[in-house]
Amino acid sequence: MTAGETDDLVGVLRSVGAAAGLDALGVASAEPFDDVREVLEDRAARGLAGGMQFTYRNPARSTDPRRTLAGARSLVVGARRYERGEADSTGPVEKGYEVPARVARSARSDHYAALRSGLTAVSRELRDRGWRTVVLADDNALVDRAAAWRAGIGWYGKNTNILIPGAGSWFVLGSVVTDAELAPDRPVEEGCGSCRRCLPACPTGALVSPGVLDARRCLAWLAQAPGVFPTEYRVALGDRLYGCDDCQEVCPVNRRHTRRRPPAPAEGDSVAAVDALDLLRSDDATLLARHGRWYLARREVRWLRRNALLVLGNAADPGQPAVVEALRAALRDPDPAVRGPAVWSAARLGLAGLLPTTDPDPEVRAELAGAAAVPVRGRGG
């Protein structure tokens, strides 16, 4: 294609993307992201990945679009705003006492489905013109933020998110990998300036320096990670069930954009909070039906139950019979991944009288041994 033809095609793709719901679109070359690969490998070697897989799993693949599409020349990168007005409901619950457990904004509805729809429209336009394409969104085959930066969508914020100029970071990102050679956009200048509000806003200090995240401390990752939730971050988890938005909520760019352009109303299926008691009463099939689009390690809902029990400890009223009954049931659960956090929750609520004297599982026994040191709410906890 001539320079004029590629400019015209990019203009068409922008129009197609906008009509399909994308809020921003940029173009980048599909050359390997060698610098990003080195960063991923370095941070994994330093332990900062904290067991997180995703693009850390195979950096050589996730930083080379040609591994996805042989002969790839360009990336057409799209962004879609996921910030919405607050949803009113905690979803399907029984009437009575509830313990709302917060859900991060990006997980309240299937925003990636809408993003993929927009990217698919762009992909279809390219295919209709004879080019090959692959759509990647929320996929470990490509580091979305690196692609968005190269395509001029935004800059790397100090909270590690991509910030779109004047719009902020409440966006999901994805790309169309294509063998069409398109005119690339230029990266935008860094726009955080001297602002560092996101760093001290992190409840666990996971932002160890501007743009560097220690996943071992990040509540958003710890709520997804399998295994025992680190004791030292359980109080900081607060009432969060899935995800954490604190570093984005304090961002001045986000705040200004929300004031200027109030977000659209929440989608009909959007749930800003889940009743922790209802979650603990629900069986596996029900929980997968409700929350199966979330990342759940090995598709095991035991980790949601773990999180819900920690939320009980941080947010429930120990005088409520429903809370006591939920803890009794959890302490009898056959799954040690449920019994363990139930021990901590009961101790945190001052209900140590519910605890057994021992347990067949070593991790639960460790929880019992440490129960006396758990800070009881209202007593300096």
# chains A, B, ... in the order shown; residues from 1 in each chain; ligands from 1

call {"tool": "residues_around", "arguments": {"residues": "Gly313 in chain A", "least_positions_apart": "3", "cutoff": "12 Å", "atoms": "only C-alpha atoms", "output": "ChimeraX atom specification"}}
result
/A:99,101,234-240,276-277,306-310,316-318,323-324,326-327,341-352,374-378,381

call {"tool": "select_by_dssp", "arguments": {"residues": "range 11-80 of chain A", "states": "alpha helix (DSSP H)", "output": "VMD selection string"}}
result
chain A and resid 11 to 19 34 to 45 59 to 62

call {"tool": "write_last_selection", "arguments": {"atoms": "C-alpha atoms", "output": "JSON list (two decimals), in the first residue's frame"}}
result
[["chain", "number", "residue", "atom", "x", "y", "z"],
["A", 11, "GLY", "CA", -8.95, 6.25, 9.11],
["A", 12, "VAL", "CA", -11.52, 3.66, 8.07],
["A", 13, "LEU", "CA", -10.45, 1.38, 10.94],
["A", 14, "ARG", "CA", -10.82, 4.23, 13.42],
["A", 15, "SER", "CA", -14.35, 4.86, 12.20],
["A", 16, "VAL", "CA", -15.23, 1.17, 12.31],
["A", 17, "GLY", "CA", -13.81, 0.82, 15.80],
["A", 18, "ALA", "CA", -15.66, 3.88, 17.09],
["A", 19, "ALA", "CA", -18.94, 2.66, 15.60],
["A", 34, "ASP", "CA", 12.40, -7.01, 23.37],
["A", 35, "ASP", "CA", 12.68, -4.40, 26.12],
["A", 36, "VAL", "CA", 9.40, -5.59, 27.65],
["A", 37, "ARG", "CA", 10.56, -9.21, 27.54],
["A", 38, "GLU", "CA", 13.67, -8.24, 29.48],
["A", 39, "VAL", "CA", 11.55, -6.44, 32.08],
["A", 40, "LEU", "CA", 9.24, -9.44, 32.51],
["A", 41, "GLU", "CA", 12.17, -11.81, 32.87],
["A", 42, "ASP", "CA", 13.93, -9.52, 35.34],
["A", 43, "ARG", "CA", 10.86, -9.03, 37.53],
["A", 44, "ALA", "CA", 10.10, -12.75, 37.52],
["A", 45, "ALA", "CA", 13.69, -13.46, 38.56],
["A", 59, "PRO", "CA", 7.66, -13.80, 27.86],
["A", 60, "ALA", "CA", 9.21, -14.78, 24.54],
["A", 61, "ARG", "CA", 5.71, -15.44, 23.20],
["A", 62, "SER", "CA", 3.81, -12.62, 24.90]]

call {"tool": "residues_around", "arguments": {"residues": "Asp333 in chain A", "least_positions_apart": "2", "cutoff": "12 Å", "atoms": "only C-alpha atoms", "output": "VMD selection string"}}
result
chain A and resid 280 to 281 302 305 to 306 326 to 331 335 to 343 359 364

call {"tool": "residues_around", "arguments": {"residues": "range 27-33 of chain A", "least_positions_apart": "6", "cutoff": "9 Å", "atoms": "only C-alpha atoms", "output": "ChimeraX atom specification"}}
result
/A:10,60,62-66,72-78,143,146-153,177-179,181-186

call {"tool": "write_last_selection", "arguments": {"atoms": "C-alpha atoms", "output": "mmCIF file, in the first residue's frame"}}
result
data_model
loop_
_atom_site.group_PDB
_atom_site.id
_atom_site.type_symbol
_atom_site.label_atom_id
_atom_site.label_comp_id
_atom_site.auth_asym_id
_atom_site.auth_seq_id
_atom_site.Cartn_x
_atom_site.Cartn_y
_atom_site.Cartn_z
ATOM 1 C CA VAL A 10 -6.300 3.535 9.268
ATOM 2 C CA ALA A 60 9.205 -14.784 24.535
ATOM 3 C CA SER A 62 3.809 -12.624 24.896
ATOM 4 C CA THR A 63 6.242 -10.008 23.587
ATOM 5 C CA ASP A 64 6.424 -11.206 19.960
ATOM 6 C CA PRO A 65 3.192 -10.836 17.946
ATOM 7 C CA ARG A 66 4.711 -12.952 15.162
ATOM 8 C CA ALA A 72 2.549 -9.982 11.316
ATOM 9 C CA ARG A 73 3.407 -6.386 10.495
ATOM 10 C CA SER A 74 0.999 -4.273 12.513
ATOM 11 C CA LEU A 75 -1.044 -4.133 15.687
ATOM 12 C CA VAL A 76 -4.338 -2.266 15.712
ATOM 13 C CA VAL A 77 -4.866 -1.553 19.401
ATOM 14 C CA GLY A 78 -8.247 -0.705 20.883
ATOM 15 C CA VAL A 143 1.306 -7.751 26.735
ATOM 16 C CA ALA A 146 3.034 -2.533 25.882
ATOM 17 C CA ALA A 147 1.048 -2.663 22.646
ATOM 18 C CA ALA A 148 -1.160 0.233 23.788
ATOM 19 C CA TRP A 149 1.867 2.356 24.684
ATOM 20 C CA ARG A 150 3.560 1.707 21.346
ATOM 21 C CA ALA A 151 0.318 2.494 19.493
ATOM 22 C CA GLY A 152 0.026 5.911 21.145
ATOM 23 C CA ILE A 153 -3.072 4.992 23.154
ATOM 24 C CA VAL A 177 -2.609 -8.597 14.955
ATOM 25 C CA THR A 178 -2.444 -8.316 11.170
ATOM 26 C CA ASP A 179 -0.100 -8.765 8.240
ATOM 27 C CA GLU A 181 1.466 -2.838 6.944
ATOM 28 C CA LEU A 182 -0.202 0.209 8.479
ATOM 29 C CA ALA A 183 1.191 3.619 9.354
ATOM 30 C CA PRO A 184 2.046 3.514 13.090
ATOM 31 C CA ASP A 185 1.051 6.135 15.617
ATOM 32 C CA ARG A 186 3.624 7.719 17.899
#

call {"tool": "select_by_dssp", "arguments": {"residues": "range 78-321 of chain A", "states": "strand (DSSP E or B)", "output": "ChimeraX atom specification"}}
result
/A:78-81,84,100-103,133-137,155-156,162-164,168,171-178,207-209,212-213,240-242,264,273-275

call {"tool": "closest_residue", "arguments": {"among": "A:Ala220, A:Ala180, A:Ala24, A:Leu213", "to": "Gly130 in chain A", "atoms": "only C-alpha atoms"}}
result
A:Ala180
